[in-house]
Every structure is written in C-alpha cells, then in structure tokens.
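A.B. asks: I have a structure here, written as structure tokens, and I will follow up with some questions on it.
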Amino acid sequence: MATAVPQFPQPTPTCPEPAWEVALLFPSQGKWSEADYFALDTNHFVELVDGKLEVLPMPTFSHQFIVSYLYDVLGSYVKRHKLGRALFAPLPTRIRLNTIREPDLMYFSVARLKKMRGKYPTGADLVMEVVSEGAEAQNRDYKDKRRDYAQLGISEYWIVDPKTERITVLALKGKQYRTHGEFAPGEEATSVLLSGFATDVREVFAAGRRLS
C-alpha cells in the first residue's frame, strides 16, 4: 500500500515556505501524547486537546491585571477561611487522556490537595478563565472549556469577559453546568461553591484598565 504524502499549503510572497523538515520532527495533529506535550519547548501558551495542539493568544497587560486582581481576592478569601489554595497559570491541568488545559485561575480545596500526587493536577474545585480577544478564544472559553471542565467534574467555572464586561458563573448540576448568574458592573459576582465569596464586577474590569 502506498504511503500518503503530506500535503502542505503553498508558499506566497507574503507567507514564505516554512521549514517543513522541522515540523515533521513532531507528531501530527491528533497524535500528540502527554509526553510529547510536556517535552515541547516553546515560548507560546499551548494546550493539548485530544492529541491536538491549540496555540492560545499571548496574555496582554489588561488580561494579566484582571487575573492578578481575581487571584488577590480569591486567594485572600481562601486563605482567610483556610479552605485550600488558589493558583494561577501556567499550571497544566489534566482533563482526560491526551487533553490538558491551562485555566487562568484555579482553586483547590484542602481535601483535593491531600489526594494530589505527581507534578500536575487532574481537575480542580473551581476555575476561572479571562476571555482573550477574538472569536476563537470566545468559542474556546464559552463552549469547549465549558464542556471539558464539566466533563471533569469541576464544581464551578467563572467566565470573565472583558469585551462584554460580564462575569458568568456556572455551577455543576449532574454532568452539566447551569448558569448561577451573569453579573454586570454595579453587581457582585457570587459563588455557589464558596459560600460568602463575591467580587465587585466593576472593580474586576477596572483592574484591566490600570497600568500602574
């Protein structure tokens, strides 16, 4: 049986031909294992989804200021009540076989921390994603990661969207998420999992506009 020859896009004046020989040193999409993923040396943010690599947008100043603000309020609440630990990306989090996500923020309960083994977690109790610009990022955070985090049994998922200035809090019911609330400026986004935890929506997005 003849071996299929890989078909590559044709180069153009504005897009010269890549070094295909180098590309062929790596697994093809759909064939990446966790070992391949962890051996990858790159300065990009990359997630592994069912053996395929997804290259994420690089975080912006605004994105990171929002993440920092949320980490401060979530981390302070968790520490004050001795509930576990809050951590932030990069931290590869296993979803299923050959699927690894990198939530912007994660909360791990005391009980979960006691059970953890190895270098990287499988799941979390609560995750937060700050949505990056572009339709692909929107689809990833609102659809793909919603499915993945629910499948893994993560109790709560916060989608923090700077474009709409809305925070959507999703709580796991059975095997699917249900919307606990869609919170706008002038409101406080609240948690189901962490009773009493809330954050001012206006302050969250104002943090993204501060450059000092």
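Each chain of the structure tokens is named A, B, ... in the order shown, its residues numbered from 1; ligands are numbered from 1 in display order.
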Name the residues in contact with Asp148 (chain A) at a cut-off of 10 Å, using only C-alpha atoms, excluding same-chain residues fewer than 5 positions from it; report them as a ChimeraX atom specification.

C.D. replies: /A:49,95-96,99-101,141,143,153-154

A.B. asks: Quick one: write out the picked residues with C-alpha atoms as a compact mmCIF listing (two decimals), in the first residue's frame?

C.D. replies:
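Result file follows (out.txt):
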```txt
# COMPACT_ATOMS: atom_id res chain seq x y z
CA VAL A 49 -6.88 18.70 23.24
CA ILE A 95 -8.88 16.84 31.69
CA ARG A 96 -8.85 13.39 30.09
CA THR A 99 -6.13 16.61 26.94
CA ILE A 100 -4.51 19.26 29.10
CA ARG A 101 -5.90 22.72 29.76
CA ASP A 141 -13.84 29.59 26.75
CA LYS A 143 -18.07 26.26 24.61
CA GLY A 153 -16.45 17.38 37.30
CA ILE A 154 -15.09 20.80 38.23
```

A.B. asks: Would you pick out the contacts of region 182-193 of chain A at 10 Å or less, using only C-alpha atoms, so that residues sharing its chain but fewer than 2 positions from it are not included, and give the list as a count of residues only?

C.D. replies: 31

A.B. asks: For Leu48 (chain A), which residue among A:Phe26, A:Leu83, A:Leu70, A:Leu97 is the nearest when counting only C-alpha atoms?

C.D. replies: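 Of A:Phe26, A:Leu83, A:Leu70, A:Leu97, the one nearest Leu48 (chain A), counting only C-alpha atoms, is A:Leu97.
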
A.B. asks: Enumerate as number ranges by chain all residues of region 10-171 of chain A assigned to strand (DSSP E) by DSSP on the backbone, naming them with the chain letters and numbers the document uses.

C.D. replies: A: 45-49, 52-56, 84-88, 93-96, 99-101, 105-109, 126-130, 156-161, 166-171

A.B. asks: Which neighbours of Phe45 (chain A) fall inside 9 Å, counting only C-alpha atoms, when residues of the same chain fewer than 5 positions from it are skipped, and could you give them as a PyMOL selection string?

C.D. replies: chain A and resi 54-59+90+102

A.B. asks: Enumerate, as number ranges by chain, the complete set of residues in region 25-137 of chain A that a backbone-based DSSP assignment places in helix (DSSP H, G or I).

C.D. replies: A: 34-39, 61-80, 110-115, 135-137

A.B. asks: Next, write the just-selected residues to a file, as an mmCIF file, in the first residue's frame, keeping C-alpha atoms as the atom set.

C.D. replies:
```
data_model
loop_
_atom_site.group_PDB
_atom_site.id
_atom_site.type_symbol
_atom_site.label_atom_id
_atom_site.label_comp_id
_atom_site.auth_asym_id
_atom_site.auth_seq_id
_atom_site.Cartn_x
_atom_site.Cartn_y
_atom_site.Cartn_z
ATOM 1 C CA GLU A 34 1.096 13.941 27.116
ATOM 2 C CA ALA A 35 4.787 13.039 26.980
ATOM 3 C CA ASP A 36 5.128 14.850 23.634
ATOM 4 C CA TYR A 37 3.286 17.852 25.032
ATOM 5 C CA PHE A 38 5.471 18.158 28.122
ATOM 6 C CA ALA A 39 8.618 17.764 26.003
ATOM 7 C CA PHE A 61 -1.343 43.717 30.095
ATOM 8 C CA SER A 62 -5.109 44.088 30.604
ATOM 9 C CA HIS A 63 -5.679 40.334 30.750
ATOM 10 C CA GLN A 64 -2.973 39.861 33.365
ATOM 11 C CA PHE A 65 -4.166 42.760 35.529
ATOM 12 C CA ILE A 66 -7.615 41.157 35.667
ATOM 13 C CA VAL A 67 -6.103 37.762 36.501
ATOM 14 C CA SER A 68 -3.968 39.377 39.202
ATOM 15 C CA TYR A 69 -6.978 41.137 40.734
ATOM 16 C CA LEU A 70 -9.054 37.964 40.803
ATOM 17 C CA TYR A 71 -6.166 35.969 42.239
ATOM 18 C CA ASP A 72 -5.806 38.506 45.038
ATOM 19 C CA VAL A 73 -9.487 38.436 46.021
ATOM 20 C CA LEU A 74 -9.919 34.678 45.596
ATOM 21 C CA GLY A 75 -6.610 33.840 47.242
ATOM 22 C CA SER A 76 -7.308 36.131 50.193
ATOM 23 C CA TYR A 77 -10.745 34.604 50.746
ATOM 24 C CA VAL A 78 -9.463 31.022 50.551
ATOM 25 C CA LYS A 79 -6.529 31.766 52.845
ATOM 26 C CA ARG A 80 -8.644 33.662 55.386
ATOM 27 C CA VAL A 110 -7.931 21.086 51.320
ATOM 28 C CA ALA A 111 -9.415 17.653 50.613
ATOM 29 C CA ARG A 112 -8.309 17.724 46.972
ATOM 30 C CA LEU A 113 -4.801 18.890 47.848
ATOM 31 C CA LYS A 114 -4.369 15.960 50.242
ATOM 32 C CA LYS A 115 -5.156 13.498 47.432
ATOM 33 C CA ALA A 135 -13.793 34.640 18.012
ATOM 34 C CA GLU A 136 -11.597 31.575 18.519
ATOM 35 C CA ALA A 137 -10.879 32.494 22.142
#
```

A.B. asks: For Val127 (chain A), which of A:Tyr142, A:Trp32, A:Phe88, A:Tyr177 is the closest residue, counting only C-alpha atoms?

C.D. replies: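 With only C-alpha atoms as the atom set, the closest residue is A:Phe88.
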
A.B. asks: What is the distance between CA of Arg140 (chain A) and CA of Gly51 (chain A), in Å to one decimal?

C.D. replies: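 Result for CA of Arg140 (chain A) versus CA of Gly51 (chain A): 16.2 Å, one decimal.
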
A.B. asks: Rounded to one decimal, what separation in Å do you get between CA of Val130 (chain A) and CA of Gln29 (chain A)?

C.D. replies: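 So the answer is 26.4 Å.
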